[in-house]
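Coordinates from start_11.txt are shown below (compact mmCIF, C-alpha atoms and all ligand atoms).
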```txt
# COMPACT_ATOMS: atom_id res chain seq x y z
CA MET A 1 9.46 -19.49 7.22
CA LEU A 2 7.76 -16.94 4.99
CA SER A 3 5.56 -18.35 2.24
CA TYR A 4 3.69 -15.24 1.09
CA ARG A 5 4.78 -13.95 -2.35
CA HIS A 6 3.16 -10.78 -3.60
CA SER A 7 3.43 -11.88 -7.25
CA TYR A 8 0.21 -13.94 -6.71
CA HIS A 9 -1.71 -10.83 -5.68
CA ALA A 10 -0.13 -7.88 -7.52
CA GLY A 11 -2.60 -5.48 -9.11
CA ASN A 12 -5.61 -6.68 -7.08
CA HIS A 13 -8.14 -4.34 -5.41
CA ALA A 14 -5.98 -4.13 -2.28
CA ASP A 15 -2.99 -2.88 -4.27
CA LEU A 16 -5.15 -0.25 -5.93
CA ILE A 17 -6.26 1.47 -2.70
CA LYS A 18 -2.79 1.03 -1.15
CA HIS A 19 -0.92 2.52 -4.10
CA LEU A 20 -3.54 5.24 -4.55
CA VAL A 21 -2.99 6.46 -0.97
CA GLN A 22 0.80 6.00 -1.21
CA THR A 23 0.94 8.13 -4.37
CA LEU A 24 -1.26 10.91 -2.96
CA LEU A 25 0.94 11.09 0.15
CA ILE A 26 4.13 11.30 -1.93
CA GLU A 27 2.64 13.97 -4.18
CA LYS A 28 1.70 15.99 -1.10
CA LEU A 29 5.27 15.73 0.27
CA LYS A 30 6.55 16.98 -3.09
CA THR A 31 4.64 20.24 -2.78
CA LYS A 32 7.56 21.55 -0.67
CA ASP A 33 11.14 21.70 -2.02
CA LYS A 34 12.65 20.33 1.20
CA PRO A 35 13.89 16.73 0.88
CA PHE A 36 11.92 13.88 2.41
CA ILE A 37 12.33 10.17 3.05
CA TYR A 38 10.08 7.33 1.91
CA ILE A 39 10.32 4.20 4.07
CA ASP A 40 8.73 0.88 3.02
CA THR A 41 8.85 -1.77 5.79
CA HIS A 42 7.44 -4.66 3.68
CA SER A 43 8.65 -3.90 0.19
CA GLY A 44 8.05 -7.02 -1.90
CA GLY A 45 9.77 -7.38 -5.29
CA GLY A 46 9.07 -3.92 -6.69
CA LEU A 47 7.78 -4.97 -10.13
CA TYR A 48 5.34 -7.70 -11.17
CA ASP A 49 4.86 -9.56 -14.44
CA LEU A 50 1.13 -10.18 -14.83
CA ALA A 51 1.86 -12.79 -17.50
CA SER A 52 3.65 -14.95 -14.89
CA GLU A 53 2.38 -18.31 -13.69
CA GLN A 54 1.95 -16.91 -10.16
CA ALA A 55 -0.17 -13.92 -11.22
CA ASN A 56 -2.38 -16.15 -13.36
CA LYS A 57 -2.79 -18.84 -10.74
CA THR A 58 -5.01 -16.50 -8.71
CA GLY A 59 -5.90 -14.12 -11.56
CA GLU A 60 -6.57 -11.41 -8.96
CA TYR A 61 -5.33 -8.60 -11.21
CA HIS A 62 -8.19 -9.36 -13.64
CA ASP A 63 -10.59 -7.91 -11.05
CA GLY A 64 -8.22 -5.06 -10.19
CA ILE A 65 -5.85 -3.12 -12.42
CA ALA A 66 -6.99 -4.93 -15.59
CA LYS A 67 -10.48 -3.44 -15.18
CA LEU A 68 -9.08 0.11 -15.09
CA VAL A 69 -6.92 -0.17 -18.18
CA ASN A 70 -8.51 0.51 -21.51
CA ARG A 71 -7.18 -0.69 -24.83
CA GLY A 72 -4.20 1.45 -25.70
CA PHE A 73 -3.91 2.61 -22.07
CA SER A 74 -6.02 5.71 -22.69
CA LYS A 75 -5.64 8.64 -20.34
CA SER A 76 -8.88 7.86 -18.48
CA MET A 77 -7.25 5.40 -16.02
CA PRO A 78 -8.47 6.76 -12.63
CA LEU A 79 -5.19 6.32 -10.80
CA PRO A 80 -2.69 8.98 -9.75
CA PHE A 81 0.11 6.57 -10.82
CA ALA A 82 -1.51 5.85 -14.21
CA GLU A 83 1.38 7.43 -16.08
CA LEU A 84 3.78 4.93 -14.51
CA VAL A 85 1.59 1.95 -15.50
CA ARG A 86 1.48 3.32 -19.05
CA GLU A 87 5.25 3.82 -19.10
CA LEU A 88 5.95 0.27 -17.85
CA ASN A 89 3.70 -1.16 -20.54
CA ALA A 90 4.77 1.12 -23.38
CA ASP A 91 6.17 -1.78 -25.44
CA GLN A 92 3.27 -4.12 -24.70
CA LYS A 93 0.08 -4.69 -26.71
CA LYS A 94 -1.85 -5.34 -23.49
CA LEU A 95 -1.33 -4.86 -19.78
CA ARG A 96 1.65 -6.90 -18.59
CA PHE A 97 3.63 -5.09 -15.88
CA TYR A 98 2.36 -3.68 -12.59
CA PRO A 99 4.55 -1.62 -10.22
CA GLY A 100 5.02 -2.45 -6.55
CA SER A 101 5.16 0.24 -3.88
CA PRO A 102 9.00 0.65 -3.96
CA LEU A 103 9.05 1.24 -7.71
CA ILE A 104 6.15 3.70 -7.52
CA ALA A 105 8.11 5.62 -4.89
CA GLN A 106 11.39 5.45 -6.79
CA LYS A 107 9.76 6.83 -9.94
CA LEU A 108 7.98 9.65 -8.09
CA LEU A 109 10.75 10.83 -5.76
CA ARG A 110 13.04 13.74 -6.71
CA PRO A 111 16.86 13.80 -6.72
CA GLN A 112 16.96 15.32 -3.20
CA ASP A 113 14.69 12.62 -1.65
CA LYS A 114 15.62 9.23 -0.15
CA LEU A 115 14.16 5.71 -0.12
CA LEU A 116 14.71 3.16 2.63
CA LEU A 117 13.30 -0.25 1.75
CA MET A 118 13.06 -3.34 3.95
CA GLU A 119 12.22 -6.89 2.85
CA LEU A 120 12.76 -10.02 4.95
CA HIS A 121 12.32 -12.77 2.33
CA SER A 122 15.77 -13.61 0.93
CA LYS A 123 14.54 -14.38 -2.62
CA GLU A 124 12.17 -11.42 -2.74
CA VAL A 125 14.89 -9.02 -1.64
CA GLU A 126 17.10 -10.19 -4.53
CA VAL A 127 14.29 -9.41 -6.97
CA LEU A 128 13.80 -6.02 -5.31
CA GLN A 129 17.49 -5.16 -5.55
CA LYS A 130 17.51 -6.10 -9.23
CA ASN A 131 14.38 -4.08 -10.01
CA LEU A 132 15.55 -0.94 -8.21
CA GLN A 133 19.27 -1.08 -8.85
CA GLY A 134 21.47 1.81 -9.90
CA ASP A 135 19.72 4.47 -7.84
CA ARG A 136 21.89 6.28 -5.31
CA ARG A 137 18.85 7.55 -3.38
CA THR A 138 17.74 3.99 -2.56
CA ARG A 139 18.91 1.75 0.30
CA VAL A 140 17.60 -1.81 0.54
CA LEU A 141 17.79 -3.81 3.80
CA ASN A 142 17.23 -7.57 3.99
CA GLN A 143 15.81 -7.24 7.50
CA ASP A 144 12.64 -7.45 9.54
CA GLY A 145 10.69 -4.31 8.67
CA PHE A 146 9.19 -3.84 12.14
CA ALA A 147 12.52 -3.93 14.01
CA SER A 148 14.44 -1.96 11.37
CA LEU A 149 11.83 0.77 11.32
CA ILE A 150 12.34 1.42 15.02
CA GLY A 151 16.11 1.55 14.44
CA ALA A 152 15.70 4.04 11.59
CA LEU A 153 13.62 6.61 13.51
CA PRO A 154 13.79 9.56 13.63
CA PRO A 155 15.11 9.50 10.06
CA LYS A 156 17.25 11.94 8.14
CA PRO A 157 15.75 13.91 6.51
CA ALA A 158 13.10 14.31 9.18
CA ARG A 159 10.17 14.88 6.77
CA GLY A 160 8.51 11.92 5.17
CA MET A 161 6.32 8.85 5.28
CA VAL A 162 6.35 5.16 6.07
CA LEU A 163 4.32 2.54 4.21
CA ILE A 164 3.65 -0.49 6.40
CA ASP A 165 2.23 -3.31 4.31
CA PRO A 166 2.57 -6.66 6.11
CA SER A 167 1.20 -9.83 4.56
CA TYR A 168 -0.54 -10.69 7.88
CA GLU A 169 0.56 -14.24 7.12
CA LEU A 170 1.24 -14.68 10.82
CA LYS A 171 -1.32 -13.65 13.45
CA GLU A 172 1.61 -12.06 15.30
CA ASP A 173 1.90 -9.46 12.51
CA TYR A 174 -1.04 -7.60 14.09
CA TYR A 175 0.71 -7.48 17.49
CA HIS A 176 4.08 -6.57 16.00
CA LEU A 177 2.43 -3.81 14.04
CA VAL A 178 0.76 -2.31 17.11
CA GLU A 179 4.00 -2.49 19.14
CA THR A 180 5.98 -0.96 16.29
CA ILE A 181 3.58 1.92 15.77
CA THR A 182 3.45 2.61 19.52
CA ASP A 183 7.21 3.07 19.57
CA SER A 184 7.49 4.75 16.14
CA VAL A 185 5.10 7.64 16.78
CA LYS A 186 7.07 8.50 19.92
CA ARG A 187 10.36 8.49 18.01
CA TRP A 188 8.99 10.38 15.00
CA PRO A 189 5.86 12.33 16.01
CA THR A 190 5.73 14.31 12.76
CA GLY A 191 6.12 11.37 10.36
CA THR A 192 3.20 10.10 8.31
CA PHE A 193 2.48 6.39 8.80
CA ALA A 194 0.30 4.66 6.19
CA ILE A 195 -0.76 1.19 7.31
CA TRP A 196 -2.49 -1.29 5.01
CA TYR A 197 -4.85 -3.88 6.54
CA PRO A 198 -7.14 -6.55 5.08
CA ILE A 199 -10.90 -6.70 5.68
CA LEU A 200 -11.70 -10.40 5.93
CA GLY A 201 -14.62 -12.77 6.44
CA LYS A 202 -16.47 -12.50 9.78
CA GLN A 203 -14.54 -15.30 11.52
CA ARG A 204 -11.12 -13.93 10.66
CA ASP A 205 -11.53 -10.17 10.47
CA ARG A 206 -9.34 -8.17 12.86
CA SER A 207 -9.64 -4.76 11.21
CA GLY A 208 -11.91 -3.36 13.96
CA TRP A 209 -9.48 -4.48 16.66
CA LEU A 210 -6.54 -2.94 14.81
CA LEU A 211 -8.27 0.42 14.29
CA ARG A 212 -9.23 0.65 17.97
CA LYS A 213 -5.58 0.05 18.91
CA LEU A 214 -4.34 2.65 16.41
CA GLU A 215 -6.83 5.21 17.69
CA LYS A 216 -5.43 4.80 21.21
CA ILE A 217 -1.80 5.02 20.07
CA CYS A 218 -2.24 7.95 17.71
CA GLN A 219 -1.25 11.30 19.20
CA SER A 220 -2.25 13.40 16.17
CA ASN A 221 -4.84 12.64 13.50
CA LEU A 222 -5.95 9.31 12.07
CA LEU A 223 -7.68 8.96 8.71
CA VAL A 224 -9.09 5.66 7.51
CA ALA A 225 -10.00 4.81 3.91
CA GLU A 226 -11.54 1.45 3.00
CA LEU A 227 -12.52 -0.12 -0.32
CA THR A 228 -14.68 -3.26 -0.50
CA VAL A 229 -15.63 -5.01 -3.72
CA ASP A 230 -17.97 -7.75 -2.49
CA GLU A 231 -20.12 -8.69 0.51
CA GLN A 232 -18.39 -9.87 3.67
CA GLN A 233 -18.01 -13.66 3.69
CA PRO A 234 -19.10 -15.63 6.79
CA GLU A 235 -15.71 -17.30 7.25
CA PHE A 236 -12.59 -16.40 5.28
CA GLY A 237 -11.90 -14.45 2.10
CA MET A 238 -10.72 -10.87 1.63
CA HIS A 239 -13.51 -8.72 0.18
CA GLY A 240 -11.76 -5.43 0.82
CA SER A 241 -8.98 -3.61 2.58
CA GLY A 242 -8.13 -0.31 4.16
CA MET A 243 -5.42 2.23 4.78
CA ALA A 244 -5.03 3.82 8.20
CA ILE A 245 -3.02 7.03 7.97
CA ILE A 246 -1.48 8.66 11.03
CA ASN A 247 -0.59 12.33 10.47
CA ALA A 248 -2.63 12.46 7.28
CA PRO A 249 -2.30 15.77 5.41
CA TYR A 250 -5.17 18.22 5.10
CA GLN A 251 -7.74 17.26 2.43
CA LEU A 252 -6.28 13.79 1.85
CA ASP A 253 -9.79 12.44 2.53
CA GLN A 254 -11.25 14.40 -0.39
CA ASN A 255 -8.43 13.40 -2.72
CA ILE A 256 -8.85 9.71 -1.93
CA GLU A 257 -12.62 9.87 -2.33
CA LYS A 258 -12.38 11.51 -5.75
CA HIS A 259 -10.48 8.45 -7.00
CA LEU A 260 -12.43 5.74 -5.16
CA GLU A 261 -15.68 7.08 -6.62
CA LEU A 262 -14.30 6.24 -10.07
CA ILE A 263 -12.49 3.02 -9.16
CA HIS A 264 -15.20 1.22 -7.15
CA PRO A 265 -17.86 0.90 -9.89
CA LYS A 266 -15.25 -0.41 -12.33
CA ILE A 267 -13.93 -3.22 -10.12
CA ALA A 268 -16.76 -4.18 -7.71
CA LYS A 269 -18.60 -7.48 -8.13
CA ASN A 270 -21.78 -6.99 -10.10
CA VAL A 271 -24.92 -8.88 -9.05
CA ASP A 272 -28.10 -8.17 -11.02
CA GLY A 273 -26.82 -4.75 -12.01
CA LYS A 274 -25.94 -3.83 -8.41
CA LYS A 275 -22.32 -3.13 -7.47
CA LEU A 276 -21.41 -4.80 -4.19
CA GLY A 277 -19.20 -3.29 -1.48
CA GLY A 278 -18.32 0.38 -1.49
CA TRP A 279 -15.90 2.76 0.12
CA LYS A 280 -15.64 4.54 3.45
CA ILE A 281 -13.41 7.46 4.41
CA GLN A 282 -13.42 8.68 7.97
CA TRP A 283 -11.34 10.81 10.32
CA ILE A 284 -11.20 8.45 13.32
CA LYS A 285 -9.24 11.06 15.21
CA GLU A 286 -8.95 14.75 14.38
CA SER A 287 -5.74 16.69 15.17
CA ASN A 288 -5.61 18.06 18.71
C1 LIG B 301 2.09 -7.44 0.82
S1 LIG B 301 3.74 -7.75 0.39
C2 LIG B 301 4.40 -6.17 0.03
C3 LIG B 301 3.90 -5.51 -1.21
C4 LIG B 301 4.48 -4.16 -1.50
N1 LIG B 301 4.42 -3.29 -0.33
C5 LIG B 301 3.76 -3.49 -2.64
O1 LIG B 301 2.76 -2.78 -2.39
O2 LIG B 301 4.19 -3.64 -3.78
C6 LIG B 301 4.47 -8.10 1.94
C7 LIG B 301 5.97 -8.39 1.86
O3 LIG B 301 6.49 -8.39 3.19
C8 LIG B 301 7.50 -9.36 3.29
N2 LIG B 301 7.64 -9.64 4.73
C9 LIG B 301 6.96 -10.49 5.52
N3 LIG B 301 7.31 -10.34 6.81
C10 LIG B 301 8.23 -9.34 6.84
C11 LIG B 301 8.95 -8.67 7.88
N4 LIG B 301 8.78 -9.02 9.15
N5 LIG B 301 9.79 -7.67 7.54
C12 LIG B 301 9.95 -7.30 6.24
N6 LIG B 301 9.31 -7.90 5.22
C13 LIG B 301 8.45 -8.89 5.51
C14 LIG B 301 7.01 -10.50 2.44
O4 LIG B 301 8.09 -11.31 2.03
C15 LIG B 301 6.34 -9.74 1.28
O5 LIG B 301 7.25 -9.55 0.22
```
What would the structure in this file look like if it were written as C-alpha cells?
Ligand SMILES: C[S@@+](CC[C@H](N)C(=O)[O-])C[C@H]1O[C@@H](n2cnc3c(N)ncnc32)[C@H](O)[C@@H]1O
Amino acid sequence: MLSYRHSYHAGNHADLIKHLVQTLLIEKLKTKDKPFIYIDTHSGGGLYDLASEQANKTGEYHDGIAKLVNRGFSKSMPLPFAELVRELNADQKKLRFYPGSPLIAQKLLRPQDKLLLMELHSKEVEVLQKNLQGDRRTRVLNQDGFASLIGALPPKPARGMVLIDPSYELKEDYYHLVETITDSVKRWPTGTFAIWYPILGKQRDRSGWLLRKLEKICQSNLLVAELTVDEQQPEFGMHGSGMAIINAPYQLDQNIEKHLELIHPKIAKNVDGKKLGGWKIQWIKESN
C-alpha cells in the first residue's frame, strides 16, 4: 500500500534541484531537431496547488519555490523553468501552482517528441491523467515504474532521457532502483538516466551506498549534483538531495552550478548570518 503523496512536498528544495536538472537535460535534447522521448517512471500528479491542505500541512514549499518567487513573479527567478511557473500563476496574486515533472516535460517538449509517464498509485494516476489530458504525444501507464521501464527499453525514438524519482517510501526502492538501472543501461546504452535520491540523517542515509552501486553499473559517464540546505541531522530528516545522471551531456555540470549558486543562498537555513549546507557537483565517472 502506497501512502506517499507528493502534494505534501511539492516545491520543496528537493523539487528545485530535480526540476532544474530535468529542464537542463530536456533543453539539451532540444538542441537537435531529431525527435526524442521523455520517460518519467514515478510521475506523481503533474500539478500541485500550494494553497491545498496537504501542501500547507508540511509547508515545505515556503522554504523552496516560495523563496525564489518575487512579488509579481519578476524575471529574476533563478530557474530554467521560471517561465512555466509564471505562466501557471498568471491569474494569481501570489504563488499558488507548482508544476510536477510530467507537466514541465509536456510544456517543454516539441510536437515531434514523446512522453511516457508511469505512476503506480491509482488516485495519483487519475490526477495525472486529468492534468495532462488532450496531448497526443503523452502516454500514461498506471504501472510499476521500475518494471515498465525495462519493458519500454530501448524506446522509439531512441534518443532521450528517463527521470527516476522514487519516493523511497520502501527500503526496497533502493534495491529495485539498482536492479532496474543495471538492466536499463544494457538495453539502452545511449539513454540519459537522471536519478533523484534523498540525503538523510546519519542513521538513515543511503546516498553513499547508492552512488557506489551506480558507479559500478555505469558504463559511460556519471555526474552527481547535490544541494543541501541545512546540517546533517544525527537520525532522520532530509536536509538535501541529489541527482545522479548517467550519460550526462557535456557541460551539464557548469550549467547546473550556475543555477545552484543563485538558488542555495536564497533557500538555505540561515544561522547567525551563515547559510548552512551547500552544493556539490562532481563527475564520479568520466566517459571512457
Ligand atoms: C516523488 S513522487 C514523484 C514526483 C514527480 N516526479 C515530480 O517531480 O513532480 C513519487 C511518485 O511515485 C509513485 N510511486 C511509488 N512507487 C511507484 C512505483 N513502483 N512505480 C511507479 N510509481 C510509483 C508515488 O505514488 C508518487 O506519486
Write out as a tab-separated table a residue-level contact list of chain A versus ligand LIG 301 (chain B) with cut-off 7 Å: for each qualifying residue the closest pair of atoms and the distance in Å to one decimal, counting all atoms listed in the file, rows sorted by chain and residue number upward.
```
residue	atom	partner	partner_atom	distance
A:Leu2	CA	B:LIG301	O4	6.4
A:Tyr4	CA	B:LIG301	C14	5.9
A:Arg5	CA	B:LIG301	O5	5.7
A:His6	CA	B:LIG301	S1	5.0
A:Asp15	CA	B:LIG301	O1	6.1
A:Lys18	CA	B:LIG301	O1	6.8
A:His19	CA	B:LIG301	O1	6.7
A:Asp40	CA	B:LIG301	N1	6.9
A:Thr41	CA	B:LIG301	C12	5.7
A:His42	CA	B:LIG301	O3	3.9
A:Ser43	CA	B:LIG301	N1	4.3
A:Gly44	CA	B:LIG301	O5	3.4
A:Gly45	CA	B:LIG301	O5	6.4
A:Gly46	CA	B:LIG301	O2	5.7
A:Pro99	CA	B:LIG301	O2	6.8
A:Gly100	CA	B:LIG301	O2	3.1
A:Ser101	CA	B:LIG301	O2	4.0
A:Pro102	CA	B:LIG301	O2	6.4
A:Met118	CA	B:LIG301	C12	5.5
A:Glu119	CA	B:LIG301	N6	3.9
A:Leu120	CA	B:LIG301	N6	4.1
A:His121	CA	B:LIG301	O4	4.5
A:Glu124	CA	B:LIG301	O5	6.0
A:Gln143	CA	B:LIG301	C12	6.0
A:Asp144	CA	B:LIG301	N5	3.5
A:Gly145	CA	B:LIG301	N5	3.7
A:Phe146	CA	B:LIG301	N4	6.0
A:Asp165	CA	B:LIG301	N1	5.1
A:Pro166	CA	B:LIG301	C6	4.8
A:Ser167	CA	B:LIG301	C1	4.5
```
For this session: Have a look at A:Thr31, A:Thr190, A:Asn221, A:Asn131 and name the one nearest to Lys107 of chain A; count all atoms listed in the file.
Result: A:Asn131
Exercise. Using all atoms listed in the file, which of A:Leu170, A:Phe36, A:Phe73, A:Leu252 sits nearest Lys114 of chain A?
Worked result: A:Phe36
Exercise. Could you pull the residues within 8 Å of segment 258-272 of chain A, counting all atoms listed in the file, minus those fewer than 2 positions along the same chain, as a ChimeraX atom specification?
Worked result: /A:13,17,63-64,67-68,78-79,227-230,254-256,274-279
Exercise. Looking at only C-alpha atoms, which of A:Asp205, A:Glu27, A:Asp91, A:Glu83 is the one that sits closest to Tyr168 of chain A?
Worked result: A:Asp205
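Near Arg159 of chain A, within a cut-off of 12 Å and counting only C-alpha atoms, sit the residues Leu25, Ile26, Lys28, Leu29, Lys30, Lys32, Asp33, Lys34, Pro35, Phe36, Ile37, Tyr38, Ile39, Asp113, Lys114, Leu153, Pro154, Trp188, Pro189, Thr190, Gly191, Thr192, Phe193 and Asn247 of chain A, with same-chain residues fewer than 5 positions away left out.
Distances from A:Asp49, A:Gly237, A:Leu84, A:Leu95 to Asn70 of chain A were compared using only C-alpha atoms, and the smallest one belongs to A:Leu95.
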Centre and edges of the segment 28-33 of chain A box, axis-aligned, 8 Å extra per side, as JSON:
```
{"center_x": 6.4, "center_y": 18.7, "center_z": -1.4, "size_x": 25.4, "size_y": 22.0, "size_z": 19.4}
```
Problem set entry | Atomic separation - atom CA of Tyr61 of chain A relative to atom CA of Ser74 of chain A, Å |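 Atom-to-atom, atom CA of Ser74 of chain A to atom CA of Tyr61 of chain A, that is 18.4 Å.
Between atom CA of Ala105 of chain A and atom CA of Thr23 of chain A lies a distance of 7.6 Å.
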Exercise. Which value, in Å to one decimal, gives the distance between atom CA of Ser287 of chain A and atom CA of Gln112 of chain A?
Worked result: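 Taking atom CA of Ser287 of chain A and atom CA of Gln112 of chain A, their separation equals 29.2 Å.
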For this session: Pick out the residues sitting within 7 Å of Ile281 of chain A, and hand them over as a list of chain:residue names; count only C-alpha atoms, and ignore anything fewer than 5 positions along from it in its own chain.
Result: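 So, after excluding close chain neighbours, the residues are A:Val224, A:Ala225, A:Glu226, A:Asp253.
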Go ahead and write the selection's residues with C-alpha atoms as a PDB file, keeping the file's coordinate frame.
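This is the output file result.pdb:
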```pdb
ATOM      1  CA  VAL A 224      -9.090   5.660   7.510  1.00  0.00           C
ATOM      2  CA  ALA A 225     -10.000   4.810   3.910  1.00  0.00           C
ATOM      3  CA  GLU A 226     -11.540   1.450   3.000  1.00  0.00           C
ATOM      4  CA  ASP A 253      -9.790  12.440   2.530  1.00  0.00           C
TER       5      ASP A 253
END
```
For this session: Please return, as a ChimeraX atom specification, all polymer residues that have at least one atom within 6 Å of the point (-17.3, -17.1, 10.7); use all atoms listed in the file and the file's own coordinate frame.
Result: /A:202-203,234-235
Exercise. Of the candidates A:Val69, A:Ile181, A:Leu115, A:Cys218, which shows the shortest atom-to-atom distance to Arg136 of chain A, using all atoms listed in the file?
Worked result: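 Checking each candidate against Arg136 of chain A, we get A:Leu115 as the closest.
Distances to Val21 of chain A were evaluated for A:Leu47, A:Val127, A:Ala244, A:Leu117 using all atoms listed in the file, and the minimum falls at A:Ala244.
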Please supply segment 208-225 of chain A, rebuilt with N, CA and C atoms, as an mmCIF file, in the coordinates of the input.
```
data_model
loop_
_atom_site.group_PDB
_atom_site.id
_atom_site.type_symbol
_atom_site.label_atom_id
_atom_site.label_comp_id
_atom_site.auth_asym_id
_atom_site.auth_seq_id
_atom_site.Cartn_x
_atom_site.Cartn_y
_atom_site.Cartn_z
ATOM 1 N N GLY A 208 -11.332 -4.197 12.898
ATOM 2 C CA GLY A 208 -11.910 -3.360 13.960
ATOM 3 C C GLY A 208 -10.981 -3.286 15.153
ATOM 4 N N TRP A 209 -10.431 -4.420 15.534
ATOM 5 C CA TRP A 209 -9.480 -4.480 16.660
ATOM 6 C C TRP A 209 -8.275 -3.586 16.393
ATOM 7 N N LEU A 210 -7.746 -3.706 15.164
ATOM 8 C CA LEU A 210 -6.540 -2.940 14.810
ATOM 9 C C LEU A 210 -6.826 -1.431 14.858
ATOM 10 N N LEU A 211 -7.961 -1.025 14.312
ATOM 11 C CA LEU A 211 -8.270 0.420 14.290
ATOM 12 C C LEU A 211 -8.468 0.977 15.694
ATOM 13 N N ARG A 212 -9.068 0.178 16.574
ATOM 14 C CA ARG A 212 -9.230 0.650 17.970
ATOM 15 C C ARG A 212 -7.864 0.844 18.630
ATOM 16 N N LYS A 213 -6.941 -0.084 18.355
ATOM 17 C CA LYS A 213 -5.580 0.050 18.910
ATOM 18 C C LYS A 213 -4.898 1.302 18.356
ATOM 19 N N LEU A 214 -5.014 1.501 17.039
ATOM 20 C CA LEU A 214 -4.340 2.650 16.410
ATOM 21 C C LEU A 214 -4.908 3.965 16.939
ATOM 22 N N GLU A 215 -6.200 3.987 17.169
ATOM 23 C CA GLU A 215 -6.830 5.210 17.690
ATOM 24 C C GLU A 215 -6.242 5.574 19.062
ATOM 25 N N LYS A 216 -6.003 4.552 19.878
ATOM 26 C CA LYS A 216 -5.430 4.800 21.210
ATOM 27 C C LYS A 216 -3.988 5.297 21.123
ATOM 28 N N ILE A 217 -3.225 4.699 20.190
ATOM 29 C CA ILE A 217 -1.800 5.020 20.070
ATOM 30 C C ILE A 217 -1.582 6.412 19.486
ATOM 31 N N CYS A 218 -2.462 6.763 18.538
ATOM 32 C CA CYS A 218 -2.240 7.950 17.710
ATOM 33 C C CYS A 218 -2.326 9.232 18.539
ATOM 34 N N GLN A 219 -1.291 10.050 18.434
ATOM 35 C CA GLN A 219 -1.250 11.300 19.200
ATOM 36 C C GLN A 219 -1.735 12.484 18.356
ATOM 37 N N SER A 220 -1.873 12.277 17.057
ATOM 38 C CA SER A 220 -2.250 13.400 16.170
ATOM 39 C C SER A 220 -3.573 13.060 15.489
ATOM 40 N N ASN A 221 -3.586 13.012 14.152
ATOM 41 C CA ASN A 221 -4.840 12.640 13.500
ATOM 42 C C ASN A 221 -4.739 11.254 12.888
ATOM 43 N N LEU A 222 -5.900 10.657 12.664
ATOM 44 C CA LEU A 222 -5.950 9.310 12.070
ATOM 45 C C LEU A 222 -7.081 9.271 11.051
ATOM 46 N N LEU A 223 -6.693 9.067 9.793
ATOM 47 C CA LEU A 223 -7.680 8.960 8.710
ATOM 48 C C LEU A 223 -7.729 7.509 8.252
ATOM 49 N N VAL A 224 -8.950 7.035 7.997
ATOM 50 C CA VAL A 224 -9.090 5.660 7.510
ATOM 51 C C VAL A 224 -9.846 5.673 6.192
ATOM 52 N N ALA A 225 -9.312 4.937 5.202
ATOM 53 C CA ALA A 225 -10.000 4.810 3.910
ATOM 54 C C ALA A 225 -10.117 3.323 3.598
#
```
